[in-house]
Amino acid sequence: MGDLLWILVSAMVVNNFTLFYFLGLCPFMGVSARVDTALRMGAANIFVLILTSLCAWFLNTFILPYAPFLRLISFIVVIASLVQIVEMVIKKVSPALFRQMGIYLPLITTNCAILGLAIFQTNRGYGFLQGMAFAVGAGLGLTLALVLMASIRENTELADIPEVAKGTALIFIIAGSLSLAFMGFAGMLSAT
Amino acid sequence: MTPARLLVTASPHLGGADSTPTIMWSVVGSLVPVVAVATYYFGPSALLVIAAASAGGVLTETWFGPKGALRDGSAAITGILLGLTLPAGLPLWMAFVGGVFGIGFGKLVFGGLGQNIFNPALLGRAFLQSAFPVAMTTWPTAAPHWSDLRGDNLAIPLMSPEVVDAMTGATPLGLMKFEQIGTQVSALIMGSVGGSLGETSALVVLGCGAYLAARKHLNWRIPASIFATVAVLSGSLHLLDAARYPGAMFMLFSGGLMLGAIYMATDMVTSPVTNKGCWVFGFGIGFLVVVIRLWGGLAEGVMYGILLMNALVPFINRATQPRVFGTDTKQVVT
């Protein structure tokens, strides 16, 4: 149990996907203008990451031992199609939820954070529960980074940003600063 | 007889006597004893490093900042504070680069004074820590003569510094973390220990902070809540396992906690607006400092603690909005 908690905290804060591995930068840059959309994006991310972990575990346990050369392509295809199917189901079963979350799902599916999670999970030899903890931690970490970024961006809306730094440049500078601040956690929980 | 003139303005109608320049310059003035103590312990190297960091900050502000921005003294504060967080033997060009980065990317990019998110001095230091990790963790202790340089201050830019035979030693926090050797609290209070320029004498920094708090140039709630959190957390951990965790006094007086809590965390721009927010902010910094010091890979966590909480300030401000006068329920103004 403690082991699972370490994995979760480590993936969330210490080895944050966005601020430490620089994965999933597209939503980090693109969907971080407002805090409420950032939160929804984060929730959708957690959901997809859990599905990813599930798929990766299933493939690793039942299929890939027989065909290891299919690893990358099977990860991409299976995860993407599963998310698409889930999206259709949500659209049919709960249109309200789909309106909240649906537009983000196809965006996330092809995100590098998703493939990153599947590959990390495989390389570190995580089992089913460990994989779940890893996915939830990574998703919470992405949400944390997104919400931090969004609240900072909302704060700079009325600032006199110089012309050269407006737009994406400032977002990258904020991202770099956040990443520098997260360096403080480097080396923590290195046992896991 | 002249007709009575009616002046119609928007609130606030009451102005204090303090202005940005007076506050900033009095903070610069309050740093003089801290710089003096650093010079006493580290000789001319201290003055050189502080001057180089300040030059980096001030020149960047002059070249790229808005006109007349130099007069408010904020660039000078950033430079001096950055200098105080650096080791005495740091090559001067690195200190200069830190000042340029702090002011350029920490402040001017966000639109100048009052609009930055992160404390510029600490951002400059975090940048240096990532860029030059070895030079940033080489702590000179004593030299045969007071006037000797404490390291290769005059290294040529972009060249690796020459290894001079200056005495180096670990900081009290490093000793505690990596070798489990404690340091006398009295030494920490007086400052006869290794470390950054400004993290030697806790007593002097505390005195300067008291002066600033009395003049209301800093919100005393921030340092108070940082100290209280660190003391309670580390004190209770020490009670649990005295062999593994150092006591509360050691944690309070070692490293950059005093300088950080009094001068960096209380930066008016990057700390929360409300008093309630300040308590939350201070608690967060204290918590992160203890966590990073005790379980992190680094010996010192004050800089990262403050930077991380700086990133949370927009969030704290949003969560601690005061009740609008005359309303029952909390109305969130967005």
# chains A, B, ... in the order shown; residues from 1 in each chain; ligands from 1
>>> residues_around(residues="range 88-90 of chain A", least_positions_apart="3", cutoff="12 Å", atoms="only C-alpha atoms", output="PyMOL selection string")
chain A and resi 81-85+93-103+105-106
>>> closest_atom_pairs(of="chain A", to="chain B", cutoff="7 Å", atoms="only C-alpha atoms", output="JSON lines")
{"residue": "A:Leu148", "atom": "CA", "partner": "B:Ala311", "partner_atom": "CA", "distance": 6.7}
{"residue": "A:Ser151", "atom": "CA", "partner": "B:Pro314", "partner_atom": "CA", "distance": 5.8}
{"residue": "A:Ile152", "atom": "CA", "partner": "B:Pro314", "partner_atom": "CA", "distance": 6.1}
{"residue": "A:Asn155", "atom": "CA", "partner": "B:Pro314", "partner_atom": "CA", "distance": 6.5}
{"residue": "A:Ala159", "atom": "CA", "partner": "B:Gly111", "partner_atom": "CA", "distance": 5.9}
{"residue": "A:Asp160", "atom": "CA", "partner": "B:Gly111", "partner_atom": "CA", "distance": 4.6}
{"residue": "A:Ile161", "atom": "CA", "partner": "B:Gly111", "partner_atom": "CA", "distance": 4.4}
{"residue": "A:Pro162", "atom": "CA", "partner": "B:Gly111", "partner_atom": "CA", "distance": 6.1}
{"residue": "A:Ala165", "atom": "CA", "partner": "B:Val109", "partner_atom": "CA", "distance": 6.1}
{"residue": "A:Leu180", "atom": "CA", "partner": "B:Ala126", "partner_atom": "CA", "distance": 6.3}
{"residue": "A:Ala181", "atom": "CA", "partner": "B:Tyr304", "partner_atom": "CA", "distance": 5.4}
{"residue": "A:Gly184", "atom": "CA", "partner": "B:Tyr304", "partner_atom": "CA", "distance": 5.1}
{"residue": "A:Phe185", "atom": "CA", "partner": "B:Gly296", "partner_atom": "CA", "distance": 6.0}
{"residue": "A:Ala186", "atom": "CA", "partner": "B:Gly297", "partner_atom": "CA", "distance": 6.0}
{"residue": "A:Gly187", "atom": "CA", "partner": "B:Gly297", "partner_atom": "CA", "distance": 4.2}
{"residue": "A:Met188", "atom": "CA", "partner": "B:Gly296", "partner_atom": "CA", "distance": 4.2}
>>> atom_distance(atom1="CA of Ala175 in chain A", atom2="CA of Val136 in chain A")
22.2 Å
>>> closest_residue(among="B:Leu237, B:Val290, B:Ile156, B:Met24", to="Met251 in chain B", atoms="only C-alpha atoms")
B:Val290
>>> select_by_dssp(residues="range 73-112 of chain A", states="alpha helix (DSSP H)", output="ChimeraX atom specification")
/A:73-93,95-97,104-109,112
>>> closest_residue(among="B:Ser54, B:Ser201, B:Asn219, B:Asn275", to="Ile80 in chain B", atoms="only C-alpha atoms")
B:Ser54
>>> residues_around(residues="Leu115 in chain A", least_positions_apart="4", cutoff="12 Å", atoms="only C-alpha atoms", output="list in words")
Phe17, Leu23, Gly24, Val48, Leu49, Leu51, Thr52, Ser53, Cys55, Ala56, Arg71, Leu72, Ile73, Ser74, Phe75, Ile76, Val77, Val78, Ile79, Ala80, Ile108, Thr109, Thr110, Asn111, Ile119, Phe120, Gln121, Thr122 and Ala135 of chain A
